[in-house]
Every structure is written in C-alpha cells, then in structure tokens.
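For reference, final28.cif (mmCIF, C-alpha atoms):
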```
data_my_file
loop_
_atom_site.group_PDB
_atom_site.id
_atom_site.type_symbol
_atom_site.label_atom_id
_atom_site.label_comp_id
_atom_site.auth_asym_id
_atom_site.auth_seq_id
_atom_site.Cartn_x
_atom_site.Cartn_y
_atom_site.Cartn_z
ATOM 1 C CA MET Y 1 8.540 0.732 -10.084
ATOM 2 C CA GLU Y 2 10.707 -0.795 -7.326
ATOM 3 C CA ASN Y 3 10.162 0.261 -3.718
ATOM 4 C CA ILE Y 4 7.217 2.397 -4.657
ATOM 5 C CA TYR Y 5 5.900 2.196 -1.081
ATOM 6 C CA SER Y 6 9.175 3.594 0.282
ATOM 7 C CA LYS Y 7 9.057 6.410 -2.235
ATOM 8 C CA ILE Y 8 5.453 7.291 -1.320
ATOM 9 C CA ARG Y 9 6.425 7.220 2.365
ATOM 10 C CA ASN Y 10 9.378 9.540 1.787
ATOM 11 C CA LEU Y 11 7.131 12.023 0.053
ATOM 12 C CA ALA Y 12 4.464 11.816 2.793
ATOM 13 C CA LYS Y 13 7.178 12.247 5.439
ATOM 14 C CA SER Y 14 8.695 15.335 3.801
ATOM 15 C CA ILE Y 15 8.300 18.685 5.567
ATOM 16 C CA LYS Y 16 6.600 20.173 2.515
ATOM 17 C CA ALA Y 17 3.970 17.402 2.336
ATOM 18 C CA GLN Y 18 3.351 17.466 6.085
ATOM 19 C CA ASN Y 19 2.943 21.261 6.117
ATOM 20 C CA LEU Y 20 0.498 21.045 3.222
ATOM 21 C CA PHE Y 21 -1.420 18.265 4.958
ATOM 22 C CA VAL Y 22 -1.769 20.265 8.195
ATOM 23 C CA ALA Y 23 -2.792 23.360 6.209
ATOM 24 C CA ALA Y 24 -5.360 21.375 4.192
ATOM 25 C CA LYS Y 25 -6.912 20.096 7.430
ATOM 26 C CA GLU Y 26 -7.191 23.581 8.883
ATOM 27 C CA ILE Y 27 -7.832 25.850 5.913
ATOM 28 C CA ASN Y 28 -10.777 25.272 3.647
ATOM 29 C CA GLY Y 29 -9.776 25.489 -0.012
ATOM 30 C CA ILE Y 30 -6.267 24.066 0.249
ATOM 31 C CA ARG Y 31 -6.247 20.778 -1.609
ATOM 32 C CA LEU Y 32 -3.795 17.912 -1.600
ATOM 33 C CA PHE Y 33 -4.744 16.604 -5.041
ATOM 34 C CA ARG Y 34 -6.195 17.982 -8.249
ATOM 35 C CA ASN Y 35 -9.136 15.601 -7.923
ATOM 36 C CA SER Y 36 -11.364 15.877 -4.877
ATOM 37 C CA PHE Y 37 -13.033 12.465 -5.282
ATOM 38 C CA ASP Y 38 -12.376 9.153 -7.062
ATOM 39 C CA PHE Y 39 -8.986 8.727 -5.439
ATOM 40 C CA SER Y 40 -6.556 6.323 -7.029
ATOM 41 C CA LYS Y 41 -4.983 3.487 -4.998
ATOM 42 C CA ILE Y 42 -1.650 5.278 -4.857
ATOM 43 C CA GLN Y 43 -3.413 8.426 -3.573
ATOM 44 C CA GLU Y 44 -5.215 6.406 -0.880
ATOM 45 C CA ILE Y 45 -1.928 4.877 0.255
ATOM 46 C CA TYR Y 46 -0.268 8.308 0.267
ATOM 47 C CA LEU Y 47 -3.134 9.700 2.387
ATOM 48 C CA SER Y 48 -2.764 6.945 4.962
ATOM 49 C CA TYR Y 49 0.980 7.666 5.220
ATOM 50 C CA LEU Y 50 0.255 11.395 5.595
ATOM 51 C CA TYR Y 51 -1.991 10.601 8.586
ATOM 52 C CA ASN Y 52 0.587 8.251 10.110
ATOM 53 C CA TYR Y 53 3.456 10.731 9.818
ATOM 54 C CA ASP Y 54 1.244 13.548 11.127
ATOM 55 C CA SER Y 55 0.490 11.399 14.163
ATOM 56 C CA ILE Y 56 4.201 10.614 14.708
ATOM 57 C CA ASN Y 57 5.165 14.285 14.298
ATOM 58 C CA ARG Y 58 2.589 15.373 16.862
ATOM 59 C CA ASP Y 59 3.929 12.847 19.380
ATOM 60 C CA ILE Y 60 7.471 14.114 18.761
ATOM 61 C CA ILE Y 61 6.337 17.719 19.360
ATOM 62 C CA LEU Y 62 4.613 16.619 22.583
ATOM 63 C CA GLU Y 63 7.911 14.882 23.514
ATOM 64 C CA LYS Y 64 6.195 11.542 23.892
ATOM 65 C CA ILE Y 65 8.824 9.977 21.608
ATOM 66 C CA SER Y 66 12.136 11.030 20.094
ATOM 67 C CA GLU Y 67 13.019 11.724 16.474
ATOM 68 C CA HIS Y 68 14.873 8.385 16.417
ATOM 69 C CA VAL Y 69 11.598 6.850 15.342
ATOM 70 C CA PHE Y 70 12.469 8.120 11.852
ATOM 71 C CA ASP Y 71 15.665 6.020 11.809
ATOM 72 C CA SER Y 72 13.809 3.098 10.287
ATOM 73 C CA GLU Y 73 10.506 2.382 8.555
ATOM 74 C CA ILE Y 74 10.168 -0.618 10.880
ATOM 75 C CA TYR Y 75 10.308 1.744 13.887
ATOM 76 C CA GLU Y 76 7.698 4.020 12.335
ATOM 77 C CA ASP Y 77 5.281 1.178 11.506
ATOM 78 C CA SER Y 78 5.744 -0.533 14.850
ATOM 79 C CA TYR Y 79 5.073 2.666 16.765
ATOM 80 C CA ILE Y 80 1.905 3.400 14.767
ATOM 81 C CA LEU Y 81 0.731 -0.194 15.245
ATOM 82 C CA TRP Y 82 1.352 -0.094 18.997
ATOM 83 C CA LYS Y 83 -0.314 3.326 19.266
ATOM 84 C CA ARG Y 84 -3.437 2.120 17.472
ATOM 85 C CA LYS Y 85 -3.594 -0.966 19.654
ATOM 86 C CA SER Y 86 -3.178 0.916 22.905
ATOM 87 C CA ASN Y 87 -5.723 3.568 21.823
ATOM 88 C CA LYS Y 88 -8.211 0.805 21.028
ATOM 89 C CA LYS Y 89 -7.567 -0.822 24.395
ATOM 90 C CA GLU Y 90 -8.125 2.507 26.131
ATOM 91 C CA LYS Y 91 -11.319 3.111 24.169
ATOM 92 C CA ASP Y 92 -12.644 -0.367 25.017
ATOM 93 C CA ASN Y 93 -11.868 0.188 28.698
ATOM 94 C CA ASN Y 94 -13.697 3.514 28.656
ATOM 95 C CA GLN Y 95 -16.722 1.872 27.047
ATOM 96 C CA ASN Y 96 -16.702 -0.813 29.724
ATOM 97 C CA ASP Y 97 -16.587 1.865 32.414
ATOM 98 C CA LEU Y 98 -19.538 3.536 30.776
ATOM 99 C CA LYS Y 99 -21.503 0.281 30.739
ATOM 100 C CA LEU Y 100 -20.856 -0.147 34.444
ATOM 101 C CA VAL Y 101 -22.427 3.222 35.134
ATOM 102 C CA VAL Y 102 -25.407 2.699 32.830
ATOM 103 C CA GLY Y 103 -26.098 -0.849 33.992
ATOM 104 C CA LYS Y 104 -25.499 -0.134 37.655
ATOM 105 C CA LYS Y 105 -28.148 -1.695 39.816
ATOM 106 C CA ILE Y 106 -29.599 0.855 42.113
ATOM 107 C CA THR Y 107 -31.532 -0.422 45.122
ATOM 108 C CA PHE Y 108 -33.984 1.970 46.623
ATOM 109 C CA PRO Y 109 -34.692 1.815 50.331
ATOM 110 C CA THR Y 110 -37.949 0.067 50.964
ATOM 111 C CA ASN Y 111 -40.420 1.528 53.310
ATOM 112 C CA LYS Y 112 -41.273 -1.375 55.567
ATOM 113 C CA GLY Y 113 -42.880 0.677 58.170
ATOM 114 C CA MET W 1 38.888 21.811 -0.342
ATOM 115 C CA GLU W 2 37.766 18.446 1.070
ATOM 116 C CA GLU W 3 34.997 20.146 2.994
ATOM 117 C CA ARG W 4 33.745 21.931 -0.119
ATOM 118 C CA LEU W 5 33.693 18.605 -1.917
ATOM 119 C CA LYS W 6 31.627 17.104 0.892
ATOM 120 C CA ASP W 7 29.244 20.078 0.729
ATOM 121 C CA ALA W 8 28.905 19.617 -3.030
ATOM 122 C CA GLU W 9 28.187 15.907 -2.583
ATOM 123 C CA LYS W 10 25.526 16.729 -0.014
ATOM 124 C CA ILE W 11 23.932 19.282 -2.361
ATOM 125 C CA VAL W 12 23.862 16.737 -5.196
ATOM 126 C CA LYS W 13 22.334 14.104 -2.874
ATOM 127 C CA ASP W 14 19.702 16.573 -1.639
ATOM 128 C CA MET W 15 18.872 17.500 -5.233
ATOM 129 C CA GLU W 16 18.532 13.851 -6.204
ATOM 130 C CA LYS W 17 16.235 13.289 -3.232
ATOM 131 C CA GLU W 18 14.196 16.335 -4.193
ATOM 132 C CA ASN W 19 13.933 15.109 -7.801
ATOM 133 C CA GLU W 20 12.850 11.703 -6.612
ATOM 134 C CA LEU W 21 10.162 13.274 -4.430
ATOM 135 C CA SER W 22 8.897 15.410 -7.318
ATOM 136 C CA ARG W 23 8.680 12.334 -9.532
ATOM 137 C CA VAL W 24 6.544 10.541 -6.934
ATOM 138 C CA GLY W 25 4.577 13.772 -6.501
ATOM 139 C CA GLU W 26 3.712 13.625 -10.194
ATOM 140 C CA LEU W 27 2.223 10.158 -9.695
ATOM 141 C CA ILE W 28 -0.055 11.158 -6.840
ATOM 142 C CA LYS W 29 -1.155 14.686 -7.758
ATOM 143 C CA ASP W 30 -4.105 13.412 -9.814
ATOM 144 C CA ASN W 31 -6.071 10.216 -10.411
ATOM 145 C CA ARG W 32 -4.446 9.972 -13.850
ATOM 146 C CA ILE W 33 -0.801 9.593 -14.818
ATOM 147 C CA ILE W 34 0.718 11.234 -17.892
ATOM 148 C CA PHE W 35 3.977 9.831 -19.263
ATOM 149 C CA ASP W 36 6.260 10.209 -22.292
ATOM 150 C CA TYR W 37 7.261 7.289 -24.450
ATOM 151 C CA LYS W 38 9.294 7.597 -27.647
ATOM 152 C CA ASP W 39 8.524 11.322 -27.967
ATOM 153 C CA LYS W 40 4.787 10.851 -27.584
ATOM 154 C CA LYS W 41 2.507 11.603 -24.659
ATOM 155 C CA TYR W 42 0.335 8.927 -23.111
ATOM 156 C CA ARG W 43 -1.821 8.695 -20.024
ATOM 157 C CA VAL W 44 -3.607 6.125 -17.923
ATOM 158 C CA ARG W 45 -6.572 7.016 -15.748
ATOM 159 C CA LEU W 46 -9.147 5.517 -13.418
ATOM 160 C CA LEU W 47 -11.883 3.629 -15.217
ATOM 161 C CA ASN W 48 -15.297 5.269 -15.483
ATOM 162 C CA LEU W 49 -18.537 3.447 -14.689
ATOM 163 C CA LYS W 50 -19.093 2.282 -18.277
ATOM 164 C CA GLU W 51 -15.546 0.930 -18.506
ATOM 165 C CA LYS W 52 -15.909 -0.802 -15.151
ATOM 166 C CA GLU W 53 -18.998 -2.560 -16.515
ATOM 167 C CA GLU W 54 -17.030 -3.577 -19.606
ATOM 168 C CA LEU W 55 -14.246 -4.889 -17.373
ATOM 169 C CA ASP W 56 -16.787 -6.857 -15.342
ATOM 170 C CA GLN W 57 -18.336 -8.380 -18.478
ATOM 171 C CA LEU W 58 -14.947 -9.392 -19.884
ATOM 172 C CA ARG W 59 -13.879 -10.826 -16.531
ATOM 173 C CA ARG W 60 -17.030 -12.961 -16.242
ATOM 174 C CA LYS W 61 -16.606 -14.167 -19.822
ATOM 175 C CA LYS W 62 -12.967 -15.075 -19.188
ATOM 176 C CA PHE W 63 -13.891 -16.833 -15.943
ATOM 177 C CA GLY W 64 -16.378 -19.000 -17.854
ATOM 178 C CA GLN W 65 -13.718 -19.864 -20.460
ATOM 179 C CA LEU W 66 -11.131 -20.720 -17.824
ATOM 180 C CA MET W 67 -13.605 -22.932 -15.945
ATOM 181 C CA LYS W 68 -14.155 -24.966 -19.127
ATOM 182 C CA ASP W 69 -10.411 -25.390 -19.701
ATOM 183 C CA LYS W 70 -9.335 -28.691 -18.159
ATOM 184 C CA ASP W 71 -5.656 -27.713 -18.193
ATOM 185 C CA ILE W 72 -6.266 -24.845 -15.770
ATOM 186 C CA LEU W 73 -7.036 -25.763 -12.169
ATOM 187 C CA LEU W 74 -8.636 -23.796 -9.372
ATOM 188 C CA GLU W 75 -6.216 -22.947 -6.578
ATOM 189 C CA LYS W 76 -7.809 -25.456 -4.181
ATOM 190 C CA ASP W 77 -7.565 -28.278 -6.769
ATOM 191 C CA LEU W 78 -3.964 -27.359 -7.532
ATOM 192 C CA ILE W 79 -3.205 -27.469 -3.792
ATOM 193 C CA ASN W 80 -4.709 -30.989 -3.620
ATOM 194 C CA GLN W 81 -2.662 -32.133 -6.620
ATOM 195 C CA TYR W 82 0.537 -30.853 -5.051
ATOM 196 C CA LYS W 83 -0.390 -32.612 -1.818
ATOM 197 C CA GLU W 84 -0.625 -35.936 -3.671
ATOM 198 C CA ARG W 85 2.899 -35.308 -4.956
ATOM 199 C CA GLY W 86 4.203 -34.560 -1.463
ATOM 200 C CA VAL W 87 4.219 -30.743 -1.651
ATOM 201 C CA ASN W 88 2.092 -29.325 1.145
ATOM 202 C CA ILE W 89 0.967 -25.740 0.505
ATOM 203 C CA GLU W 90 -1.291 -25.758 3.573
ATOM 204 C CA GLU W 91 1.837 -26.279 5.667
ATOM 205 C CA LEU W 92 3.387 -23.249 3.970
ATOM 206 C CA ASP W 93 0.264 -21.263 4.892
ATOM 207 C CA ASP W 94 0.482 -22.390 8.515
ATOM 208 C CA GLN W 95 4.139 -21.374 8.670
ATOM 209 C CA LEU W 96 3.273 -17.995 7.155
ATOM 210 C CA LYS W 97 0.485 -17.451 9.709
ATOM 211 C CA LYS W 98 2.890 -18.287 12.522
ATOM 212 C CA LEU W 99 5.544 -15.930 11.170
ATOM 213 C CA ASN W 100 2.930 -13.155 10.770
ATOM 214 C CA ALA W 101 1.833 -13.574 14.372
ATOM 215 C CA GLU W 102 5.455 -13.500 15.566
ATOM 216 C CA GLU W 103 6.149 -10.377 13.518
ATOM 217 C CA LEU W 104 3.083 -8.615 14.909
ATOM 218 C CA ASP W 105 4.160 -9.525 18.433
ATOM 219 C CA PHE W 106 7.651 -8.077 17.890
ATOM 220 C CA GLN W 107 6.196 -4.957 16.252
ATOM 221 C CA ILE W 108 3.943 -4.283 19.247
ATOM 222 C CA LYS W 109 6.882 -4.811 21.632
ATOM 223 C CA LEU W 110 9.066 -2.518 19.526
ATOM 224 C CA GLY W 111 6.326 0.133 19.373
ATOM 225 C CA GLU W 112 5.978 0.024 23.131
ATOM 226 C CA SER W 113 9.747 0.315 23.573
ATOM 227 C CA ILE W 114 9.760 3.383 21.310
ATOM 228 C CA SER W 115 6.945 4.912 23.377
ATOM 229 C CA LYS W 116 9.051 4.377 26.513
ATOM 230 C CA ASN W 117 12.137 5.877 24.821
ATOM 231 C CA GLU W 118 14.128 2.726 25.562
ATOM 232 C CA ILE W 119 17.799 2.427 24.565
ATOM 233 C CA GLU W 120 18.839 1.901 20.955
ATOM 234 C CA SER W 121 20.188 -1.637 21.496
ATOM 235 C CA ILE W 122 16.720 -2.872 22.570
ATOM 236 C CA LEU W 123 15.050 -1.255 19.547
ATOM 237 C CA LYS W 124 17.735 -2.612 17.223
ATOM 238 C CA ASN W 125 17.301 -6.107 18.580
ATOM 239 C CA TYR W 126 13.538 -6.079 17.858
ATOM 240 C CA LYS W 127 14.180 -4.547 14.441
ATOM 241 C CA GLU W 128 16.604 -7.322 13.512
ATOM 242 C CA GLN W 129 14.141 -9.988 14.650
ATOM 243 C CA ILE W 130 11.436 -8.396 12.469
ATOM 244 C CA GLU W 131 13.809 -8.190 9.484
ATOM 245 C CA ASP W 132 14.720 -11.838 9.955
ATOM 246 C CA LEU W 133 11.048 -12.870 10.042
ATOM 247 C CA ARG W 134 10.333 -10.805 6.919
ATOM 248 C CA ILE W 135 13.081 -12.587 4.982
ATOM 249 C CA LYS W 136 11.651 -15.968 6.042
ATOM 250 C CA LYS W 137 8.168 -14.825 5.015
ATOM 251 C CA GLN W 138 9.430 -13.563 1.669
ATOM 252 C CA ILE W 139 11.033 -16.936 0.897
ATOM 253 C CA LEU W 140 7.826 -18.817 1.770
ATOM 254 C CA ASN W 141 5.660 -16.380 -0.182
ATOM 255 C CA THR W 142 7.882 -16.721 -3.245
ATOM 256 C CA GLN W 143 7.679 -20.515 -2.993
ATOM 257 C CA LYS W 144 3.889 -20.396 -2.677
ATOM 258 C CA ASN W 145 3.472 -17.908 -5.526
ATOM 259 C CA LEU W 146 5.641 -20.001 -7.837
ATOM 260 C CA LEU W 147 3.645 -23.124 -7.044
ATOM 261 C CA LEU W 148 0.309 -21.399 -7.648
ATOM 262 C CA GLU W 149 1.456 -19.319 -10.620
ATOM 263 C CA PHE W 150 -0.732 -21.216 -13.090
ATOM 264 C CA SER W 151 -3.917 -21.395 -11.015
ATOM 265 C CA LEU W 152 -7.205 -20.217 -12.484
ATOM 266 C CA GLU W 153 -7.343 -17.353 -9.998
ATOM 267 C CA ASN W 154 -3.900 -16.091 -11.025
ATOM 268 C CA SER W 155 -4.706 -16.361 -14.720
ATOM 269 C CA LEU W 156 -7.845 -14.322 -14.114
ATOM 270 C CA LEU W 157 -5.929 -11.672 -12.152
ATOM 271 C CA ASN W 158 -3.375 -11.304 -14.953
ATOM 272 C CA TYR W 159 -6.169 -11.014 -17.472
ATOM 273 C CA VAL W 160 -7.917 -8.315 -15.394
ATOM 274 C CA ALA W 161 -4.654 -6.331 -15.198
ATOM 275 C CA GLN W 162 -4.396 -6.516 -18.989
ATOM 276 C CA VAL W 163 -8.002 -5.388 -19.507
ATOM 277 C CA ILE W 164 -7.580 -2.457 -17.102
ATOM 278 C CA THR W 165 -4.533 -1.281 -19.057
ATOM 279 C CA TYR W 166 -6.337 -1.766 -22.355
ATOM 280 C CA LEU W 167 -9.333 0.290 -21.150
ATOM 281 C CA SER W 168 -7.384 3.072 -19.462
ATOM 282 C CA LEU W 169 -4.514 3.790 -21.874
ATOM 283 C CA GLU W 170 -4.877 6.951 -23.949
ATOM 284 C CA GLU W 171 -2.596 8.789 -26.361
ATOM 285 C CA GLN W 172 -2.445 12.515 -27.013
ATOM 286 C CA LYS W 173 -3.355 13.521 -30.537
ATOM 287 C CA GLU W 174 -3.485 17.216 -31.411
ATOM 288 C CA ASP W 175 -3.923 18.184 -27.762
ATOM 289 C CA LYS W 176 -6.780 15.737 -27.306
ATOM 290 C CA TRP W 177 -6.762 12.461 -25.406
ATOM 291 C CA GLN W 178 -8.005 9.432 -27.293
ATOM 292 C CA ARG W 179 -8.332 5.789 -26.318
ATOM 293 C CA MET W 180 -5.281 4.008 -27.695
ATOM 294 C CA PHE W 181 -7.013 0.724 -28.531
ATOM 295 C CA ASP W 182 -10.489 0.065 -29.838
ATOM 296 C CA SER W 183 -10.421 -3.658 -29.118
ATOM 297 C CA LEU W 184 -8.786 -6.003 -26.633
ATOM 298 C CA ASP W 185 -7.423 -7.993 -29.536
ATOM 299 C CA SER W 186 -5.548 -4.969 -30.949
ATOM 300 C CA PHE W 187 -4.131 -4.335 -27.467
ATOM 301 C CA GLN W 188 -2.980 -7.933 -27.041
ATOM 302 C CA THR W 189 -1.308 -8.028 -30.451
ATOM 303 C CA TYR W 190 0.314 -4.583 -30.233
ATOM 304 C CA GLU W 191 3.953 -4.869 -31.283
ATOM 305 C CA ASP W 192 5.591 -2.455 -28.804
ATOM 306 C CA GLU W 193 5.677 -4.338 -25.502
ATOM 307 C CA GLY W 194 7.687 -1.543 -23.884
ATOM 308 C CA LEU W 195 4.748 0.832 -23.997
ATOM 309 C CA ILE W 196 2.320 -1.825 -22.762
ATOM 310 C CA ASN W 197 4.584 -2.669 -19.811
ATOM 311 C CA ILE W 198 4.988 0.956 -18.722
ATOM 312 C CA ALA W 199 1.270 1.647 -19.111
ATOM 313 C CA GLY W 200 0.516 -1.567 -17.197
ATOM 314 C CA SER W 201 2.721 -0.537 -14.264
ATOM 315 C CA TYR W 202 1.156 2.914 -14.085
ATOM 316 C CA SER W 203 -2.419 1.682 -14.372
ATOM 317 C CA MET W 204 -1.754 -0.766 -11.524
ATOM 318 C CA LEU W 205 -0.589 2.157 -9.365
ATOM 319 C CA LEU W 206 -3.936 3.811 -9.974
ATOM 320 C CA GLN W 207 -6.281 0.874 -9.563
ATOM 321 C CA TYR W 208 -4.512 -1.883 -7.642
ATOM 322 C CA ILE W 209 -0.936 -1.861 -6.324
#
```

Conversion result in structure tokens:
Amino acid sequence: MENIYSKIRNLAKSIKAQNLFVAAKEINGIRLFRNSFDFSKIQEIYLSYLYNYDSINRDIILEKISEHVFDSEIYEDSYILWKRKSNKKEKDNNQNDLKLVVGKKITFPTNKG
Amino acid sequence: MEERLKDAEKIVKDMEKENELSRVGELIKDNRIIFDYKDKKYRVRLLNLKEKEELDQLRRKKFGQLMKDKDILLEKDLINQYKERGVNIEELDDQLKKLNAEELDFQIKLGESISKNEIESILKNYKEQIEDLRIKKQILNTQKNLLLEFSLENSLLNYVAQVITYLSLEEQKEDKWQRMFDSLDSFQTYEDEGLINIAGSYSMLLQYI
C-alpha cells in the first residue's frame, strides 16, 4: 500500500484517464466509476487529481506553461496551488471592483434657483 | 542488437507501468474492493447507514471505557506530562507550523516561476528547498506520532479502523457475498492476521486514507 497517492496520481495523469474524464464531462452517459454516488475516499482523491491534471493539460495546450511541469509532482502541486491562489486573488479584486460600482455615491445637481 | 535490447526493456517497463495502472484502476472503479486471499474471494465495501450507526455506537461505548481507564491519557494530558519531563510537544507543533508556512511560501514561488516559464535551475532550487523542508517535517511528525502513540485519541482511532474492517469485510460463498464475522469478538480473535491486515488496508482506502 506504499505510495498509494503517487499511484492514484499516475492513473489520473494517464492519457486514457484524462480522455475519459473530458468525455465524461461532455457526453452524458459516460461514467468514470461503476457507482454514481457514495464515492469512496480513494475515488474522491482520484477525482480531485483528475481535475488538477485536466487544468494543467489545458494550460499546456494554451501554451501558458510547458510540459516540464510533469517532471515532478512538486512542480505539479506548486503550479496548481499558485493557480488557485492567483485565481482567488483575481476573483476578490473583481468583487471589490463590483462593490465600488454598486456603492458609488452619486450626487445629483441641486436646483438652487 | 543493443538497440533491440533497449527497445525490449522499454516495452517491459511500459507493460509494468500499464499493469500498475490497471491495478490502481481496480481499486477506484467501484466503492468496493474485491481481492483474492489463499484461493478465496473477499471484498470490503463502504458501510451502509445501519452499519454506520453500529460503528457510532461501538465508538461511543469504547470512548466511555477509555475515559474510565486511568492508564490511558487524553492527548492534552499526555502533552502536559511530557512537558513536566522536559519534552515539549507544543514546541514541535510550532516548528511544524513554521515549516508548513515556509513550504507553502516556496510552493507559491515555484508555481509562479512555472507560470512564467523560468529556467530549470530556478525551479530545481525551489524544488530542493521544498524537499528539504518535507524531510524536516517528516522527522518532526514521526517524533510527535511516537510520543502520542498511546493517547486516548489514537487508541480510539485504531479501534475505529478495526470496527470498520470488521463491519465491511465479506467473503464469497457460492457466488453470494456474506459478512465474514458476526461479532467483533470473533473478528478480534481470528487466527489469520494476514487476511485481517489486507482487508484493513483496503477498507481504509475506501473510508479513510
């Protein structure tokens, strides 16, 4: 049972698993598991890796990063962590911008005449 | 000739990798795991609602028993006892928190460097720093776990792992799956530890990790 996380990652990273994952997202009826609810812990972990590797693959296709990210699990995790953090920062900034618009004080010209 | 040998080695390696992936695939394809042991088929599965209630009852009962046992201390009391003897677990925790924060900082920097496609030597440097921190963390965690091995909380966790395995292990008899044990006592006194250990590892993959 050693390095079970690495083994789950390798499966989630594989071309076959990634193709199936993309197909399951797009085509109704394609399933990743035999069960469609009551997921086991190992299935939940596998799902989260599928999402992470899908995200990395998309960024490679868009040429945002190179395939070297796959050289090490530390690279993969660090990139995902940074991406999440910068996305959150961006989202927070957008929300702040929105607040500025909503809360903007509008002064109407007074008719003193 | 040498090239053909290299090709053959590569094919064997690829096959091994493929086999490894299929074995992991078997573990995740369903919320139950079937395995062979001494020419018999067994399986572990997720607990149903009734079994979860049974687990909860047994856990509460065990907690009550452990609380009455004066030889077993709660983690916080054990930490205080160690402190009196000059072993400071809170200091270990502080060091671990610091190392975690440092690791996170390096990970974010490394992630950013990857996003900027920076040169390999920069990435490698961050990676080595992270690896170094992980080794330090592992040493501290092992120390802490050894010190707290006999706490009430740990005893309860081990007991829960046992009960989960007891409740979820089934054997195949004439193409039907049947619960292997009808009582916790028969599970705990079962003579073949090999089977119990394998079933325990698999049931943890399903419910815990």

If the PyMOL selection byres ((chain Y) within 9 of (chain W)) were run on this exact file, what residues would it hold? Put them as a CSV table (one decimal) with C-alpha atoms, keeping the file's coordinate frame.
```
chain,number,residue,atom,x,y,z
Y,1,MET,CA,8.5,0.7,-10.1
Y,4,ILE,CA,7.2,2.4,-4.7
Y,7,LYS,CA,9.1,6.4,-2.2
Y,8,ILE,CA,5.5,7.3,-1.3
Y,10,ASN,CA,9.4,9.5,1.8
Y,11,LEU,CA,7.1,12.0,0.1
Y,14,SER,CA,8.7,15.3,3.8
Y,32,LEU,CA,-3.8,17.9,-1.6
Y,33,PHE,CA,-4.7,16.6,-5.0
Y,34,ARG,CA,-6.2,18.0,-8.2
Y,35,ASN,CA,-9.1,15.6,-7.9
Y,37,PHE,CA,-13.0,12.5,-5.3
Y,38,ASP,CA,-12.4,9.2,-7.1
Y,39,PHE,CA,-9.0,8.7,-5.4
Y,40,SER,CA,-6.6,6.3,-7.0
Y,41,LYS,CA,-5.0,3.5,-5.0
Y,42,ILE,CA,-1.6,5.3,-4.9
Y,43,GLN,CA,-3.4,8.4,-3.6
Y,46,TYR,CA,-0.3,8.3,0.3
Y,64,LYS,CA,6.2,11.5,23.9
Y,65,ILE,CA,8.8,10.0,21.6
Y,66,SER,CA,12.1,11.0,20.1
Y,68,HIS,CA,14.9,8.4,16.4
Y,69,VAL,CA,11.6,6.8,15.3
Y,72,SER,CA,13.8,3.1,10.3
Y,74,ILE,CA,10.2,-0.6,10.9
Y,75,TYR,CA,10.3,1.7,13.9
Y,76,GLU,CA,7.7,4.0,12.3
Y,77,ASP,CA,5.3,1.2,11.5
Y,78,SER,CA,5.7,-0.5,14.8
Y,79,TYR,CA,5.1,2.7,16.8
Y,80,ILE,CA,1.9,3.4,14.8
Y,81,LEU,CA,0.7,-0.2,15.2
Y,82,TRP,CA,1.4,-0.1,19.0
Y,83,LYS,CA,-0.3,3.3,19.3
Y,85,LYS,CA,-3.6,-1.0,19.7
```

Check what the PyMOL selection byres ((chain W and resi 49-65) around 10) selects in the file above and give those residues as a ChimeraX atom specification. /W:46-48,66-69,152-153,155-157,159-161,163-164,166-168,184

Of the residues Y:Glu73, Y:Asp92, Y:Glu26, Y:Glu67, which is the one nearest to Tyr49 (chain Y), using all atoms listed in the file?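 Of Y:Glu73, Y:Asp92, Y:Glu26, Y:Glu67, the one nearest Tyr49 (chain Y), counting all atoms listed in the file, is Y:Glu73.
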
Centre and edges of the region 1-5 of chain W box, axis-aligned, 3 Å extra per side, as lines of an AutoDock Vina configuration file:
```
center_x = 36.3
center_y = 20.2
center_z = 0.5
size_x = 11.2
size_y = 9.5
size_z = 10.9
```

Expanded to explicit residues, what is the PyMOL selection byres ((chain W and resi 89) around 12) for this file, as a VMD selection string? chain W and resid 75 to 88 90 to 96 140 to 148

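Across the structure, CA of Ile45 (chain Y) and CA of Arg9 (chain Y) are spaced 8.9 Å apart.
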
So the first atom is CA of Arg31 (chain Y) and the second is CA of Ser55 (chain Y); what is the distance between them in Å, to one decimal place?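 CA of Ser55 (chain Y) lies at a distance of 19.5 Å from CA of Arg31 (chain Y).
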
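Distance-wise, CA of Leu99 (chain W) and CA of Ser151 (chain W) end up 24.7 Å apart.
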